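Take a look at the structure set out below.
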Amino acid sequence: MGYALTFEGLRDLAEGAAVLGTGGGGDPYIGRLLVEQQLKAGRTVTIIDAAELPDDALVIPSAMMGAPTVFIEKLPSGAGNIAALRALEAHLGRTAAATMPIECGGLNSMMPLLLGAQLGLPVVDADGMGRAFPELQMETFAVYGVSGSPMAIASDHGDTGIINATDNRRMEWLARAMTIQMGGASYISDYPMDAATVRRTAVPGTLTLARRLGAALRQARAEHADPFQALAAALSGTLYTHGLVLFRGKVTDVDRKTVDGFARGHVTLADLADPRDQLEITFQNEHLVARRNGRVVAIVPDLICTLNSETGTPVTTEALSYGQRLTVFAISTPDLMRTPDALDCFGPTAFGLADPYTPVEHLTAVP
Amino acid sequence: MRVGIDVGGTHTDAVLMDQTTVVAEIKTATTHDVTGGVVTALRRLLAAGRVDRARITAVMIGTTHFTNALVTGRGLAPTAVVRLALPATAALPPLVDWPHRLLTAIRPSVHLCDGGHEFDGRPISPLNPEQLKRVAAAIEASGIRSVAVSSVFSPVNTELEEQAAAILRAELPYLHISLSHQIGRVGLVERENATVVNACLRDLADDIVEAFEQALRTVGVAAPLFLSQNDGTLMDADHCRRYPVATFASGPTNSMRGAAFLADRADCAVVDIGGTTTDVGVLTGGYPRAATGEVDIGGVRTNFRMPDVLSIGLGGGSHVTHALGYRPGTEYGPNRRQGWCGDGRGEADRHGGADSRGEADRNGGADRRGGRDRHGGSDGYGGSGRQGGRDRHGGSDGYGGSGRQGGAGRQASRDGLAVGPQSVGYQLTEQALVFGGSVLTATDLAVAAGLADIGDPALVRHLDPDLVRRGIDWMAARVADLVERMRVSAAPLPVIIVGGGSVLMPAELPGIPSVHRPEHHAVANAIGAAIGQIGGDVDRLFAITATHTREDVLDQARTEAVERAVAAGAARDTVDVVEIDEVHVGYLPGNAVRVRVKAVGDLDLARHSRTEEEPQWVTP
């Protein structure tokens, strides 16, 4: 059971993770190189389904926290992520049977693959965000009652700390403060849980989904096929039931500023044939809401992905610039991310948006 | 008077300029013997201009030698890499993503050492002199003479790289040392890569610069020598010995700046049409807009500043296909470039591109250049000679990412008519209809439409006028579309067209307010070299604190940029800050800001490069 990740599979997964990053999540390039180094050294990344683990098997996720700008300069030692896991294991007095991502979008899709290769731990094919989100409490794990604490945090030096916060939001605050002291980037292991809880609370199959999305883009390019049809086809039969093109156009305005450590702003696209037909996306690291001529057509937690219109290559919020030809592709989130509790945690109100959540497939349904 | 010389793969172009007037222009074959080619060019130029060599005040040379060396893997020196970072970065040692052929060429000796800084300037670990002495011993034992030194967050704090260089130099005084903070910006993998590229070119840089200087001595020109950099500014000869990597992509940059100068425009799009490709770039304030993001040079990912150039496979030799003749699934030619999309972030894509650019492609490109230049030289096909030698290589093949693949070139119109991306390349004079060949090329359309006088017009009289008109319209629409994509604001951009293939374009382009085709456009590249100014850049993270305010930070960055420009040879009283860009860094406390400042000034001819005092860490 499970499967070993190949070099090609890894590259596909990295690109698919960038799609699931919905404009944010950090560039998976460094993460991909880290995992490639492991594969070149003869180590293996084994991706398993949560069902393959006994109910009481301990799963400890792995992630990096902090600024991608730091991460691309102060590259990982390869010890910090292990130190975080070991610290949490020691604190719990138990050994992890597997690791998993807390975030399948962007850079953090790669971190558990690295840890899994380093330690020979299988990586559970699931995560707690189903995409990228900016904060640690924005997890389906949290929504369905799992405590992020105790959480371990480690630096490249091997310093570790255990955070036992009273709630997951406070855990995020405390961990962020330590992350700054650790140099702006840290390695964390949080939301330790047994396999039965993973099956109950995680978004399943997201690593394989990312790999399939990346493979679909790769194949579409090779065959000069439409990358967006390829993405939609790759989504069919998954929990992410709808993948649809919201808009094709040209970037006519980008307004971006950094507020409270977040890249906030909006981007406006205009239809090529009819410039009056416009789509505006508001983002905070990740894309939050898309409005076509003032009307909401997709809103968080549904995924709003900006992709190069020709190649389907994901374009992050920081890379947006005037004149780009982009296709805005929406992906519906799985049902477990759309419950009232889930929307309280990472729906529109969690980002200060006044618009109510409506599933993207309803917003765009032809009346 | 200034001399501008463009040494391309096959042709060397030279111009003599008196202030803003082109006094003479010539075109000669590039020779294997570097000195000989420049000597010939200089002599012919002085003869053509009837100017005494004593009146030459400066010689500016743009060259592709260093790019070619990296692309072919020839002439690269064995290189050591010292990274100051431990315990950080251990999981990703230097050069992990380099193509095998380059690793074979530079046989690197890699050393991970203590050192490095955090983003806010705190040390990661202190420098360990004993460790560096052991590294020096290992470098000596391996017979390596050039070393690249990188340190984490050295763009924020340069001192560890400098201290490490001093220790290494004390052990091995002959060592060439390239420091990463002098070469790149934040992004360790990319900055370190560019530094290693520079280090492995150091020996070659000594040879090439010496060959140029020898040429000047042979001709009896006493004026100082300058070389074109990728951003359109100049560096003196000694700077070039230390930073040969800065010459990368100077070809397209010079071409753009030369075009803008000829047309007297500071803000415009430049369309450079050669035999196989069309490159479009944008000038802002007289300088090319830099590409954002990572740039792939010869398969190596860097964050070097490169001009943002968009390319499609459309040129004078492009095949015209229609109806059944067109195969939409066909690969691009040598300029196929999926390595990097300026607006994309796809890792797999980028990496795939690096792998897909094989040696054969590049060699193919080189072959085509040869032929087109010959053609250019023989029958007045304008600037195609210049284009071929350098822009093809620089803009398309050598750099995966300095340009972007336009992509639109392969979309046929509804009736199946398309031009390019296949090109007859150097075989234009054999295969094009106007030369008695059997391939319908873009040049044939231009001749049939009366836009160009090349070959025998009688040989294209039979062409269906409707086909000719649609073909010309199609090409004009493609080029207009490229220009449109390069715009960064809603304001329309005037367009300057240069290059031998510029005859393909009608007098007006759809949706574009004005189109200029300036005189001397065949040597726009050499003119770009001749008009170069001196620049200084700062691009790094600053920490804003209560005692070091935002205004202090900006002042500091401005001052540093001006000092760098002066240090590089600019006359202090002419230096202006031409660009300030401030980016706040996410997920960090509100005090981290990345500031980019660029200062530019006129060349200070009173100063001679060789008499300048060298910074202590530089190899004499």
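Going through the structure tokens in order, the chains are called A, B, and so on, while each chain numbers its residues from 1 and the ligands are numbered from 1 in the order shown.
For range 469-589 of chain B, a DSSP pass over the backbone yields strand (DSSP E) at Val495, Ile496, Ile497, Val498, Val515, His516, Gln533, Ile534, Gly535, Gly536, Asp537, Val538, Asp539, Arg540, Leu541, Phe542, Ala543, Asp576, Val577, Val578, Glu579, Ile580, Asp581, Glu582, Val583 and His584 of chain B.
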Worksheet item: Counting only C-alpha atoms, what is within 6 Å of range 328-339 of chain A, bar same-chain residues fewer than 3 positions away, as an NGL selection string?
Response: :A and (239-240 or 242-247 or 302-306 or 342-343)
Worksheet item: Got a sec: who's within 12 Å of Leu216 in chain B, counting only C-alpha atoms, leaving out chain neighbours fewer than 6 positions off, as an NGL selection string?
Response: :B and (3 or 5 or 34-43 or 53-54 or 56-61 or 209-210 or 222-226)
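When only C-alpha atoms are used to compute distances to chain A, the closest of the residues B:Val51, B:Ala432, B:Met486, B:Ala170 turns out to be B:Met486.
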Fill in: Exercise: Leu160 in chain B partners within 9 Å, only C-alpha atoms, chain neighbours under 3 positions left out, as a PyMOL selection string
chain B and resi 84+115-117+126-127+151+154+157+163-165
Item to complete: Within 9 Å of Leu112 in chain B, counting only C-alpha atoms, which residues show up once you throw out same-chain ones fewer than 2 positions away? Write them as a ChimeraX atom specification, please.
Response: /B:81-86,89-90,93-94,110,114
Selection above as a file: C-alpha atoms, as a CSV table (one decimal), in the first residue's frame:
```
chain,number,residue,atom,x,y,z
B,81,VAL,CA,32.6,27.5,-3.3
B,82,VAL,CA,32.7,28.5,0.4
B,83,ARG,CA,29.4,29.1,2.1
B,84,LEU,CA,29.2,30.7,5.5
B,85,ALA,CA,26.0,29.5,7.1
B,86,LEU,CA,26.3,26.5,9.4
B,89,THR,CA,21.5,25.6,5.0
B,90,ALA,CA,23.2,22.2,5.5
B,93,PRO,CA,24.6,22.5,-0.3
B,94,PRO,CA,25.8,24.7,-3.1
B,110,VAL,CA,32.5,22.8,-2.0
B,114,ASP,CA,30.3,28.6,10.1
```
Item to complete: Kindly indicate which residue among A:Ala63, A:Ala4, A:Ala79, A:Ala216 lies nearest to chain B, using only C-alpha atoms for the distances.
Response: A:Ala79
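With only C-alpha atoms as the atoms that count, the residue of A:Ala67, A:Val360, A:Ala354, A:Leu39 with the shortest distance to chain B is A:Ala67.
You can rank B:Asp604, B:Glu118, B:Asp206, B:Asp238 by their closest distance to Val156 in chain B using only C-alpha atoms, and at the top of that list sits B:Glu118.
Comparing the minimum interatomic distances between chain A and each of B:Arg202, B:His548, B:Arg122, B:Arg217, counting only C-alpha atoms, we find that B:Arg122 sits nearest.
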